[in-house]
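See below for the structure under consideration.
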Amino acid sequence: MLKVLKFGGTSMADAKQFAKVKAIVESDPSRRVVVVSAAGKRFSEDHKITDLLLLCHAHVKYGVSAESVFDMISQRYVEIRNDCGLSTDIESELQKIKEKLLNGISKDELVSRGEYLSARLMADYLGFEFIDSAHWVRFKLDGTIDTEKSYELLRELADGRKVVIPGFYGAMPNGSIRIMSRGGSDITGALAAAALDADVYENWTDVSGILMADPRIVDNPEPIKYITYDELRELSHMGAQVLHEGTIFPVRQKNIPLNIRNTNAPEDPGSLIMENCPDDDNDKQFITGITGKKNFSIITVAKSGMSSEVGFLRKVLEVFEKYNVSVEYVPSGIDSVSVVVASKGVSDCLYAIMGDLQKNVKPDSINVTENIAIVAVVGRKMAYKPGMSGRLFAALGESKINIRMISQSCEELNIIAGVSNDDFEKAVQVLYSSFVK
Ligand code: ADP
Ligand code: ASP
Ligand code: MG
């Protein structure tokens, strides 16, 4: 049995959090591979080390002294080392980085040092070996990760060992360090789990799993017990961002379940994400979660007889492609089609798009509705349950929330409703109390 664990920034923030990590790792002998983030925030006004490193780089770039920012970073790690009672020579590591900083270190290498230093300390604290991600996470020249090569390298370095690995970075074919996009340590954990054929990938953070709704909108939402990869994609695409998007692919490919856990409440079971979830008779929830986003625009093109005009939809969508606008949903009727896009994406080109639509498809009318929020109810069990959309309509209607658009995916994994931006929070609350018992 092998468990690969990833601890996020808040789990690495100070010595108190380090102690929780150690207790979690040591409570189970199969927890042998630990991936860590840079130290994150200890309290809400605190700084993440990654942000401070980015700030350091900006100072150097504009010829301003980075000394004071670098000192803040150094202090955080020296303090963790001291408070954990370790003898790691973190000063020499910091000195090396500082020298490179003065001699033109690359931005990626500098920003990666948060994870590097965290992992050095955690390896000493746990008595595990340190493996540098520059030695196994291999990027291709196009910036994507060479998974097969990376898996092979990690297997050579780590198979059967107890190791700590820094998240968030790897190396280009020429050996130079490259970082992933923000939140990327989740991906490193997934890659390590896939490389070593782990039985489970545990992602330890500061919430007891993925919550059924955004806690800033709904009071104390329930954590989701079981969720499929497909449902998670729907939820995170529409706003519930707990994991980096790139986390799913490596573990899904190897059929490794992903368990989101809370470092501050290790007794909570968290959320289990897998390909197919078990039928849980105790689970009375019909839906898995409710999410959504504000600021969409709906462009509705109407033309009588449109549905019998071959190529009509293509000609409409071609216009959006020409302006590089990504299309979220395309609900359609017999004589009209609506194109739902993020308002940000069309802010500079809306009139040009309308002009081109006029030329391309000669419609009877084009209407634009702005300030729309999309609310999505997601759930694999909705497919077997008649009357779900009716319930959604009724709940919103009773609360006098006007529905501007509705769409359901063919697999019935989600129902999407467009409401006005001003009604967004209320719509999520109403749907939560209507669907979640
Ligand atoms: P880490 O540093 O451990 O990677 P992140 O900050 O990246 O942690 O992700 C965890 C955070 O995601 C939570 O603290 C929470 O604020 C946020 N979050 C957003 N939507 C949800 C949701 N639906 N369920 C749980 N957490 C959510
Ligand atoms: N430290 C990086 C960030 O803040 C990566 C991570 O934490 O996953 O984005
Ligand atoms: Mg994260």
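How things are named: the first chain in the structure tokens is A, the next is B, and so on; residues count from 1 in each chain; ligands count from 1 in the order shown.
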
Please return as a PDB file with N, CA, C and O atoms, in the first residue's frame the residues found within 12 Å of ligand 3, counting only C-alpha atoms and all ligand atoms.
```pdb
ATOM      1  N   LYS A   6       0.001  15.373  -0.557  1.00  0.00           N
ATOM      2  CA  LYS A   6       0.450  16.731  -0.884  1.00  0.00           C
ATOM      3  C   LYS A   6      -0.105  17.673   0.184  1.00  0.00           C
ATOM      4  O   LYS A   6      -1.288  17.621   0.508  1.00  0.00           O
ATOM      5  N   PHE A   7       0.785  18.496   0.726  1.00  0.00           N
ATOM      6  CA  PHE A   7       0.359  19.484   1.718  1.00  0.00           C
ATOM      7  C   PHE A   7       0.458  20.879   1.106  1.00  0.00           C
ATOM      8  O   PHE A   7       1.513  21.273   0.613  1.00  0.00           O
ATOM      9  N   GLY A   8      -0.631  21.617   1.158  1.00  0.00           N
ATOM     10  CA  GLY A   8      -0.688  22.961   0.568  1.00  0.00           C
ATOM     11  C   GLY A   8      -0.061  24.012   1.477  1.00  0.00           C
ATOM     12  O   GLY A   8       0.427  23.710   2.579  1.00  0.00           O
ATOM     13  N   GLY A   9      -0.085  25.259   1.013  1.00  0.00           N
ATOM     14  CA  GLY A   9       0.594  26.362   1.692  1.00  0.00           C
ATOM     15  C   GLY A   9       0.205  26.560   3.152  1.00  0.00           C
ATOM     16  O   GLY A   9       1.072  26.748   4.014  1.00  0.00           O
ATOM     17  N   THR A  10      -1.084  26.475   3.453  1.00  0.00           N
ATOM     18  CA  THR A  10      -1.491  26.714   4.842  1.00  0.00           C
ATOM     19  C   THR A  10      -1.006  25.587   5.758  1.00  0.00           C
ATOM     20  O   THR A  10      -0.765  25.817   6.934  1.00  0.00           O
ATOM     21  N   SER A  11      -0.853  24.395   5.197  1.00  0.00           N
ATOM     22  CA  SER A  11      -0.356  23.259   6.001  1.00  0.00           C
ATOM     23  C   SER A  11       1.142  23.382   6.289  1.00  0.00           C
ATOM     24  O   SER A  11       1.674  22.656   7.117  1.00  0.00           O
ATOM     25  N   VAL A  36       5.262  18.943  -1.040  1.00  0.00           N
ATOM     26  CA  VAL A  36       4.905  20.132  -0.267  1.00  0.00           C
ATOM     27  C   VAL A  36       4.914  21.422  -1.091  1.00  0.00           C
ATOM     28  O   VAL A  36       5.637  21.556  -2.068  1.00  0.00           O
ATOM     29  N   SER A  37       4.095  22.359  -0.632  1.00  0.00           N
ATOM     30  CA  SER A  37       4.057  23.716  -1.194  1.00  0.00           C
ATOM     31  C   SER A  37       5.005  24.615  -0.411  1.00  0.00           C
ATOM     32  O   SER A  37       5.474  24.244   0.669  1.00  0.00           O
ATOM     33  N   ALA A  38       5.195  25.815  -0.907  1.00  0.00           N
ATOM     34  CA  ALA A  38       5.901  26.851  -0.150  1.00  0.00           C
ATOM     35  C   ALA A  38       5.027  27.241   1.044  1.00  0.00           C
ATOM     36  O   ALA A  38       3.817  27.016   1.024  1.00  0.00           O
ATOM     37  N   ALA A  39       5.640  27.825   2.060  1.00  0.00           N
ATOM     38  CA  ALA A  39       4.852  28.258   3.216  1.00  0.00           C
ATOM     39  C   ALA A  39       3.792  29.272   2.766  1.00  0.00           C
ATOM     40  O   ALA A  39       4.088  30.218   2.033  1.00  0.00           O
ATOM     41  N   GLY A  40       2.576  29.067   3.215  1.00  0.00           N
ATOM     42  CA  GLY A  40       1.477  29.964   2.842  1.00  0.00           C
ATOM     43  C   GLY A  40       1.150  30.927   3.971  1.00  0.00           C
ATOM     44  O   GLY A  40       1.990  31.205   4.839  1.00  0.00           O
ATOM     45  N   LYS A  48       1.969  34.959   1.302  1.00  0.00           N
ATOM     46  CA  LYS A  48       2.459  33.648   0.872  1.00  0.00           C
ATOM     47  C   LYS A  48       3.901  33.836   0.409  1.00  0.00           C
ATOM     48  O   LYS A  48       4.205  34.834  -0.268  1.00  0.00           O
ATOM     49  N   GLY A 167       6.809  20.737  -4.573  1.00  0.00           N
ATOM     50  CA  GLY A 167       5.839  20.859  -5.661  1.00  0.00           C
ATOM     51  C   GLY A 167       6.162  22.034  -6.567  1.00  0.00           C
ATOM     52  O   GLY A 167       7.178  22.712  -6.391  1.00  0.00           O
ATOM     53  N   PHE A 168       5.342  22.225  -7.614  1.00  0.00           N
ATOM     54  CA  PHE A 168       5.292  23.489  -8.348  1.00  0.00           C
ATOM     55  C   PHE A 168       6.368  23.704  -9.414  1.00  0.00           C
ATOM     56  O   PHE A 168       6.283  24.629 -10.182  1.00  0.00           O
ATOM     57  N   SER A 181       1.837  26.767 -13.372  1.00  0.00           N
ATOM     58  CA  SER A 181       0.997  27.913 -13.040  1.00  0.00           C
ATOM     59  C   SER A 181       0.627  27.844 -11.556  1.00  0.00           C
ATOM     60  O   SER A 181       0.832  26.812 -10.910  1.00  0.00           O
ATOM     61  N   ARG A 182       0.094  28.948 -11.009  1.00  0.00           N
ATOM     62  CA  ARG A 182      -0.165  29.033  -9.574  1.00  0.00           C
ATOM     63  C   ARG A 182      -1.019  27.851  -9.091  1.00  0.00           C
ATOM     64  O   ARG A 182      -1.922  27.406  -9.781  1.00  0.00           O
ATOM     65  N   GLY A 183      -0.715  27.382  -7.917  1.00  0.00           N
ATOM     66  CA  GLY A 183      -1.439  26.220  -7.385  1.00  0.00           C
ATOM     67  C   GLY A 183      -0.910  24.900  -7.916  1.00  0.00           C
ATOM     68  O   GLY A 183      -1.492  23.840  -7.680  1.00  0.00           O
ATOM     69  N   GLY A 184       0.227  24.958  -8.634  1.00  0.00           N
ATOM     70  CA  GLY A 184       0.723  23.781  -9.357  1.00  0.00           C
ATOM     71  C   GLY A 184       1.225  22.621  -8.506  1.00  0.00           C
ATOM     72  O   GLY A 184       1.399  21.508  -9.022  1.00  0.00           O
ATOM     73  N   SER A 185       1.440  22.829  -7.207  1.00  0.00           N
ATOM     74  CA  SER A 185       1.900  21.699  -6.378  1.00  0.00           C
ATOM     75  C   SER A 185       0.898  20.552  -6.395  1.00  0.00           C
ATOM     76  O   SER A 185       1.272  19.387  -6.231  1.00  0.00           O
ATOM     77  N   ASP A 186      -0.381  20.885  -6.609  1.00  0.00           N
ATOM     78  CA  ASP A 186      -1.394  19.827  -6.752  1.00  0.00           C
ATOM     79  C   ASP A 186      -1.011  18.877  -7.892  1.00  0.00           C
ATOM     80  O   ASP A 186      -1.229  17.672  -7.813  1.00  0.00           O
ATOM     81  N   ILE A 187      -0.467  19.469  -8.965  1.00  0.00           N
ATOM     82  CA  ILE A 187      -0.096  18.664 -10.143  1.00  0.00           C
ATOM     83  C   ILE A 187       1.103  17.782  -9.807  1.00  0.00           C
ATOM     84  O   ILE A 187       1.138  16.599 -10.149  1.00  0.00           O
ATOM     85  N   THR A 188       2.107  18.366  -9.119  1.00  0.00           N
ATOM     86  CA  THR A 188       3.285  17.567  -8.756  1.00  0.00           C
ATOM     87  C   THR A 188       2.850  16.345  -7.951  1.00  0.00           C
ATOM     88  O   THR A 188       3.331  15.225  -8.182  1.00  0.00           O
ATOM     89  N   GLY A 189       1.929  16.544  -7.007  1.00  0.00           N
ATOM     90  CA  GLY A 189       1.428  15.426  -6.202  1.00  0.00           C
ATOM     91  C   GLY A 189       0.767  14.374  -7.075  1.00  0.00           C
ATOM     92  O   GLY A 189       0.994  13.168  -6.902  1.00  0.00           O
ATOM     93  N   ASN A 203      -4.728  14.846  -0.887  1.00  0.00           N
ATOM     94  CA  ASN A 203      -4.410  16.262  -1.047  1.00  0.00           C
ATOM     95  C   ASN A 203      -4.876  16.985   0.220  1.00  0.00           C
ATOM     96  O   ASN A 203      -6.066  17.166   0.437  1.00  0.00           O
ATOM     97  N   TRP A 204      -3.889  17.355   1.070  1.00  0.00           N
ATOM     98  CA  TRP A 204      -4.214  17.939   2.385  1.00  0.00           C
ATOM     99  C   TRP A 204      -4.224  19.456   2.309  1.00  0.00           C
ATOM    100  O   TRP A 204      -3.247  20.078   1.908  1.00  0.00           O
ATOM    101  N   THR A 205      -5.344  20.058   2.710  1.00  0.00           N
ATOM    102  CA  THR A 205      -5.483  21.508   2.610  1.00  0.00           C
ATOM    103  C   THR A 205      -6.134  22.061   3.879  1.00  0.00           C
ATOM    104  O   THR A 205      -5.952  21.477   4.962  1.00  0.00           O
ATOM    105  N   ASP A 206      -6.893  23.155   3.755  1.00  0.00           N
ATOM    106  CA  ASP A 206      -7.456  23.757   4.978  1.00  0.00           C
ATOM    107  C   ASP A 206      -8.978  23.681   5.025  1.00  0.00           C
ATOM    108  O   ASP A 206      -9.613  24.428   5.743  1.00  0.00           O
ATOM    109  N   VAL A 207      -9.571  22.810   4.202  1.00  0.00           N
ATOM    110  CA  VAL A 207     -11.025  22.569   4.275  1.00  0.00           C
ATOM    111  C   VAL A 207     -11.244  21.052   4.269  1.00  0.00           C
ATOM    112  O   VAL A 207     -10.440  20.313   3.712  1.00  0.00           O
ATOM    113  N   ALA A 240     -15.847  26.472  -8.322  1.00  0.00           N
ATOM    114  CA  ALA A 240     -15.384  25.861  -7.072  1.00  0.00           C
ATOM    115  C   ALA A 240     -13.931  25.405  -7.232  1.00  0.00           C
ATOM    116  O   ALA A 240     -13.671  24.296  -7.686  1.00  0.00           O
ATOM    117  N   GLN A 241     -12.987  26.311  -6.927  1.00  0.00           N
ATOM    118  CA  GLN A 241     -11.595  25.963  -7.195  1.00  0.00           C
ATOM    119  C   GLN A 241     -10.831  25.566  -5.941  1.00  0.00           C
ATOM    120  O   GLN A 241     -10.397  26.404  -5.171  1.00  0.00           O
ATOM    121  N   VAL A 242     -10.710  24.283  -5.733  1.00  0.00           N
ATOM    122  CA  VAL A 242      -9.954  23.778  -4.606  1.00  0.00           C
ATOM    123  C   VAL A 242      -8.664  23.170  -5.132  1.00  0.00           C
ATOM    124  O   VAL A 242      -7.613  23.284  -4.511  1.00  0.00           O
ATOM    125  N   LEU A 243      -8.765  22.549  -6.289  1.00  0.00           N
ATOM    126  CA  LEU A 243      -7.623  21.870  -6.895  1.00  0.00           C
ATOM    127  C   LEU A 243      -7.242  22.561  -8.197  1.00  0.00           C
ATOM    128  O   LEU A 243      -8.116  23.087  -8.890  1.00  0.00           O
ATOM    129  N   HIS A 244      -5.955  22.511  -8.547  1.00  0.00           N
ATOM    130  CA  HIS A 244      -5.529  22.993  -9.862  1.00  0.00           C
ATOM    131  C   HIS A 244      -6.147  22.081 -10.926  1.00  0.00           C
ATOM    132  O   HIS A 244      -6.205  20.863 -10.745  1.00  0.00           O
ATOM    133  N   GLU A 245      -6.593  22.696 -12.028  1.00  0.00           N
ATOM    134  CA  GLU A 245      -7.260  21.926 -13.096  1.00  0.00           C
ATOM    135  C   GLU A 245      -6.436  20.748 -13.617  1.00  0.00           C
ATOM    136  O   GLU A 245      -6.973  19.715 -13.986  1.00  0.00           O
ATOM    137  N   GLY A 246      -5.109  20.933 -13.630  1.00  0.00           N
ATOM    138  CA  GLY A 246      -4.231  19.904 -14.180  1.00  0.00           C
ATOM    139  C   GLY A 246      -4.025  18.700 -13.272  1.00  0.00           C
ATOM    140  O   GLY A 246      -3.280  17.774 -13.614  1.00  0.00           O
ATOM    141  N   THR A 247      -4.664  18.698 -12.111  1.00  0.00           N
ATOM    142  CA  THR A 247      -4.453  17.623 -11.138  1.00  0.00           C
ATOM    143  C   THR A 247      -5.117  16.318 -11.565  1.00  0.00           C
ATOM    144  O   THR A 247      -4.617  15.230 -11.275  1.00  0.00           O
ATOM    145  N   ILE A 260      -9.418  14.550  -0.769  1.00  0.00           N
ATOM    146  CA  ILE A 260      -9.106  15.892  -0.251  1.00  0.00           C
ATOM    147  C   ILE A 260      -9.319  15.875   1.253  1.00  0.00           C
ATOM    148  O   ILE A 260     -10.397  15.496   1.723  1.00  0.00           O
TER     149      ILE A 260
END
```

Got a sec to tell me which of region 179-269 of chain A DSSP assigns to strand (DSSP E or B), as an mmCIF file with C-alpha atoms, in the first residue's frame?
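Writing done, so here's part_1.cif:
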```cif
data_model
loop_
_atom_site.group_PDB
_atom_site.id
_atom_site.type_symbol
_atom_site.label_atom_id
_atom_site.label_comp_id
_atom_site.auth_asym_id
_atom_site.auth_seq_id
_atom_site.Cartn_x
_atom_site.Cartn_y
_atom_site.Cartn_z
ATOM 1 C CA ILE A 179 7.553 26.627 -12.648
ATOM 2 C CA VAL A 200 -4.484 6.894 -3.163
ATOM 3 C CA TYR A 201 -3.463 10.528 -3.657
ATOM 4 C CA GLU A 202 -4.245 12.509 -0.515
ATOM 5 C CA ASN A 203 -4.410 16.262 -1.047
ATOM 6 C CA TRP A 204 -4.214 17.939 2.385
ATOM 7 C CA THR A 205 -5.483 21.508 2.610
ATOM 8 C CA LEU A 211 -17.930 21.867 -0.221
ATOM 9 C CA PRO A 223 -18.616 18.708 2.361
ATOM 10 C CA TYR A 226 -18.026 11.176 -3.046
ATOM 11 C CA ILE A 227 -17.596 12.948 -6.358
ATOM 12 C CA THR A 228 -16.643 11.721 -9.826
ATOM 13 C CA LEU A 258 -8.017 11.394 -4.918
ATOM 14 C CA ASN A 259 -8.886 12.236 -1.346
ATOM 15 C CA ILE A 260 -9.106 15.892 -0.251
ATOM 16 C CA ARG A 261 -8.369 16.180 3.466
ATOM 17 C CA ASN A 262 -8.078 18.851 6.138
#
```

Practice prompt. Have a look at A:Val301, A:Ile406, A:Val21, A:Ala190 and name the one nearest to ligand 2; count only C-alpha atoms and all ligand atoms.
Written response: A:Ala190

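As for CA of Gly397 (chain A) and CA of Leu235 (chain A), they are spaced 23.7 Å apart.
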
Worksheet item: Can you list, as number ranges by chain, every protein, DNA or RNA residue that comes within 9 Å of Ala195 (chain A) when you count only C-alpha atoms, leaving out same-chain residues fewer than 5 positions away?
Response: A: 147-148, 150-155, 190, 250

Keeping only N, CA and C atoms, take the residues you just selected and write them out as a PDB file, in the first residue's frame.
```
ATOM      1  N   THR A 147       5.211  13.432 -19.305  1.00  0.00           N
ATOM      2  CA  THR A 147       4.819  12.591 -18.170  1.00  0.00           C
ATOM      3  C   THR A 147       5.591  11.266 -18.154  1.00  0.00           C
ATOM      4  N   GLU A 148       5.706  10.617 -19.308  1.00  0.00           N
ATOM      5  CA  GLU A 148       6.362   9.296 -19.293  1.00  0.00           C
ATOM      6  C   GLU A 148       7.797   9.394 -18.792  1.00  0.00           C
ATOM      7  N   SER A 150       9.061  11.777 -16.940  1.00  0.00           N
ATOM      8  CA  SER A 150       9.050  12.165 -15.527  1.00  0.00           C
ATOM      9  C   SER A 150       8.758  10.957 -14.640  1.00  0.00           C
ATOM     10  N   TYR A 151       7.782  10.148 -15.055  1.00  0.00           N
ATOM     11  CA  TYR A 151       7.429   8.962 -14.252  1.00  0.00           C
ATOM     12  C   TYR A 151       8.634   8.026 -14.124  1.00  0.00           C
ATOM     13  N   GLU A 152       9.306   7.845 -15.260  1.00  0.00           N
ATOM     14  CA  GLU A 152      10.455   6.927 -15.271  1.00  0.00           C
ATOM     15  C   GLU A 152      11.546   7.442 -14.313  1.00  0.00           C
ATOM     16  N   LEU A 153      11.800   8.759 -14.394  1.00  0.00           N
ATOM     17  CA  LEU A 153      12.852   9.332 -13.540  1.00  0.00           C
ATOM     18  C   LEU A 153      12.484   9.216 -12.059  1.00  0.00           C
ATOM     19  N   LEU A 154      11.216   9.472 -11.721  1.00  0.00           N
ATOM     20  CA  LEU A 154      10.844   9.405 -10.301  1.00  0.00           C
ATOM     21  C   LEU A 154      10.899   7.964  -9.798  1.00  0.00           C
ATOM     22  N   ARG A 155      10.489   7.043 -10.655  1.00  0.00           N
ATOM     23  CA  ARG A 155      10.554   5.629 -10.217  1.00  0.00           C
ATOM     24  C   ARG A 155      11.993   5.254  -9.874  1.00  0.00           C
ATOM     25  N   ALA A 190      -0.024  14.819  -8.045  1.00  0.00           N
ATOM     26  CA  ALA A 190      -0.725  13.874  -8.929  1.00  0.00           C
ATOM     27  C   ALA A 190       0.278  13.120  -9.799  1.00  0.00           C
ATOM     28  N   PRO A 250      -3.424  13.091 -14.525  1.00  0.00           N
ATOM     29  CA  PRO A 250      -2.511  11.981 -14.202  1.00  0.00           C
ATOM     30  C   PRO A 250      -3.131  10.897 -13.314  1.00  0.00           C
TER      31      PRO A 250
END
```

Worksheet item: Which residue gives the smallest distance to ligand 2 among A:Ser118, A:Ser336, A:Thr300, A:Ser307, with only C-alpha atoms and all ligand atoms counted?
Response: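 Looking at the shortest contact to ligand 2, the residue is A:Ser118.
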
Item to complete: Would you return as a VMD selection string the members of region 123-290 of chain A that DSSP assigns to alpha helix (DSSP H) on this structure's backbone?
Response: chain A and resid 123 to 126 147 to 158 185 to 195 229 to 237 248 to 253

Discussion item. One number please: CA of Val163 (chain A) to atom 22 (C, counted along the ligand's line) of ligand 1, in Å, one decimal.
Written reply: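 So the two atoms, CA of Val163 (chain A) and atom 22 (C, counted along the ligand's line) of ligand 1, lie 29.6 Å apart.
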
Discussion item. Which residues are close to Lys254 (chain A), i.e. within 10 Å by only C-alpha atoms, leaving aside same-chain residues fewer than 4 positions away? Reply as a ChimeraX atom specification.
Written reply: /A:193-195,197-199,249-250

Discussion item. Need the shell around Tyr125 (chain A): protein/DNA/RNA residues with any atom at most 9 Å away, counting only C-alpha atoms. Skip same-chain ones fewer than 3 positions apart. Format as a list in words?
Written reply: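 With the cut-off at 9 Å, the set is Phe18, Ala19, Lys22, Arg81, Cys84, Gly85, Leu86, Arg120, Leu121, Met122 and Phe128 of chain A.
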
Write the selection just made, keeping all heavy atoms, as a short mmCIF file (atom, residue, chain, number, x, y, z; two decimals), in the first residue's frame?
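The result, stored in again_18.cif:
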```
data_model
loop_
_atom_site.label_atom_id
_atom_site.label_comp_id
_atom_site.auth_asym_id
_atom_site.auth_seq_id
_atom_site.Cartn_x
_atom_site.Cartn_y
_atom_site.Cartn_z
N PHE A 18 3.67 22.35 10.68
CA PHE A 18 4.64 21.27 10.40
C PHE A 18 4.37 20.08 11.35
O PHE A 18 4.43 18.93 10.94
CB PHE A 18 6.08 21.77 10.59
CG PHE A 18 6.75 22.24 9.32
CD1 PHE A 18 6.17 23.22 8.52
CD2 PHE A 18 7.98 21.71 8.92
CE1 PHE A 18 6.79 23.66 7.36
CE2 PHE A 18 8.60 22.13 7.75
CZ PHE A 18 8.02 23.11 6.97
N ALA A 19 4.09 20.41 12.62
CA ALA A 19 3.85 19.33 13.60
C ALA A 19 2.60 18.53 13.23
O ALA A 19 2.58 17.30 13.37
CB ALA A 19 3.70 19.93 15.00
N LYS A 22 3.53 16.20 10.40
CA LYS A 22 4.33 15.05 10.89
C LYS A 22 3.40 14.00 11.53
O LYS A 22 3.52 12.81 11.27
CB LYS A 22 5.35 15.57 11.90
CG LYS A 22 6.37 14.53 12.36
CD LYS A 22 7.41 15.24 13.22
CE LYS A 22 8.24 14.32 14.08
NZ LYS A 22 9.39 13.76 13.40
N ARG A 81 12.54 26.49 11.00
CA ARG A 81 13.65 25.59 11.35
C ARG A 81 13.87 25.59 12.87
O ARG A 81 13.92 24.53 13.50
CB ARG A 81 14.91 26.03 10.59
CG ARG A 81 16.06 25.06 10.60
CD ARG A 81 17.12 25.29 11.68
NE ARG A 81 17.42 26.65 12.00
CZ ARG A 81 18.42 27.35 11.46
NH1 ARG A 81 19.21 26.81 10.57
NH2 ARG A 81 18.63 28.60 11.85
N CYS A 84 10.94 24.15 14.96
CA CYS A 84 10.81 22.69 14.82
C CYS A 84 12.01 21.98 15.48
O CYS A 84 12.08 20.75 15.48
CB CYS A 84 10.76 22.27 13.35
SG CYS A 84 9.21 22.67 12.54
N GLY A 85 12.98 22.76 15.99
CA GLY A 85 14.15 22.18 16.64
C GLY A 85 15.05 21.43 15.68
O GLY A 85 15.67 20.43 16.04
N LEU A 86 15.16 21.93 14.43
CA LEU A 86 15.99 21.24 13.43
C LEU A 86 17.37 21.89 13.34
O LEU A 86 17.55 23.04 13.74
CB LEU A 86 15.31 21.33 12.05
CG LEU A 86 13.97 20.62 11.94
CD1 LEU A 86 13.28 21.01 10.63
CD2 LEU A 86 14.15 19.10 12.00
N ARG A 120 13.09 20.93 1.89
CA ARG A 120 14.33 20.61 2.63
C ARG A 120 14.02 20.47 4.11
O ARG A 120 14.48 19.53 4.78
CB ARG A 120 15.39 21.73 2.47
CG ARG A 120 15.97 21.94 1.10
CD ARG A 120 16.57 20.74 0.51
NE ARG A 120 17.67 20.14 1.22
CZ ARG A 120 18.83 19.80 0.67
NH1 ARG A 120 19.05 20.10 -0.60
NH2 ARG A 120 19.74 19.20 1.36
N LEU A 121 13.27 21.43 4.64
CA LEU A 121 12.96 21.41 6.07
C LEU A 121 12.06 20.23 6.42
O LEU A 121 12.30 19.53 7.42
CB LEU A 121 12.27 22.72 6.48
CG LEU A 121 13.18 23.95 6.51
CD1 LEU A 121 12.37 25.22 6.72
CD2 LEU A 121 14.23 23.81 7.62
N MET A 122 11.05 19.99 5.61
CA MET A 122 10.11 18.91 5.93
C MET A 122 10.82 17.55 5.86
O MET A 122 10.53 16.65 6.66
CB MET A 122 8.90 18.96 5.00
CG MET A 122 7.79 18.00 5.35
SD MET A 122 7.21 18.11 7.07
CE MET A 122 6.07 19.48 6.97
N PHE A 128 12.86 11.86 6.24
CA PHE A 128 12.72 11.27 4.91
C PHE A 128 13.82 11.83 4.02
O PHE A 128 14.42 12.85 4.33
CB PHE A 128 11.36 11.65 4.30
CG PHE A 128 10.16 10.89 4.85
CD1 PHE A 128 10.21 10.21 6.06
CD2 PHE A 128 8.96 10.88 4.14
CE1 PHE A 128 9.10 9.52 6.55
CE2 PHE A 128 7.85 10.19 4.62
CZ PHE A 128 7.91 9.52 5.82
#
```

Fill in: Contacts of Met212 (chain A) within 8 Å, only C-alpha atoms, excl. fewer than 4 positions in-chain, as a list in words
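What passes the distance filter is Pro221, Glu222, Pro223, Ile224, Thr288, Gly289 and Ile290 of chain A.
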
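Of the residues under consideration (A:Ile401, A:Ile97, A:Val64, A:Met180), A:Met180 shows the shortest atom-to-atom contact distance to ligand 2 when counting only C-alpha atoms and all ligand atoms.
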
Worksheet item: If we count only C-alpha atoms, what is near region 339-355 of chain A at a cut-off of 10 Å, once residues fewer than 5 positions away on the same chain are taken out, given as a VMD selection string?
Response: chain A and resid 293 to 301 316 to 317 319 to 332 360 366 to 374 405 418

Item to complete: Give the answer as one residue: which of A:Gln408, A:Gln17, A:Thr50, A:Ser365 has the shortest atom-to-atom distance to ligand 2, using only C-alpha atoms and all ligand atoms?
Response: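 Among the listed residues, A:Thr50 lies closest to ligand 2.
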
Item to complete: Could you tell me how far CA of Phe435 (chain A) lies from CA of Lys225 (chain A), in Å and to one decimal?
Response: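 Spanning CA of Phe435 (chain A) to CA of Lys225 (chain A) is a straight-line distance of 16.0 Å.
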
Worksheet item: Nearest to ligand 2 among A:Pro166, A:Lys16, A:Lys140, A:Lys107, with distances taken over only C-alpha atoms and all ligand atoms: which residue is it?
Response: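 So, comparing all the options, the nearest one is A:Pro166.
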
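Considering only C-alpha atoms, the residue among A:Asp230, A:Asp132, A:Asp214, A:Glu267 positioned nearest to Thr291 (chain A) is A:Asp214.
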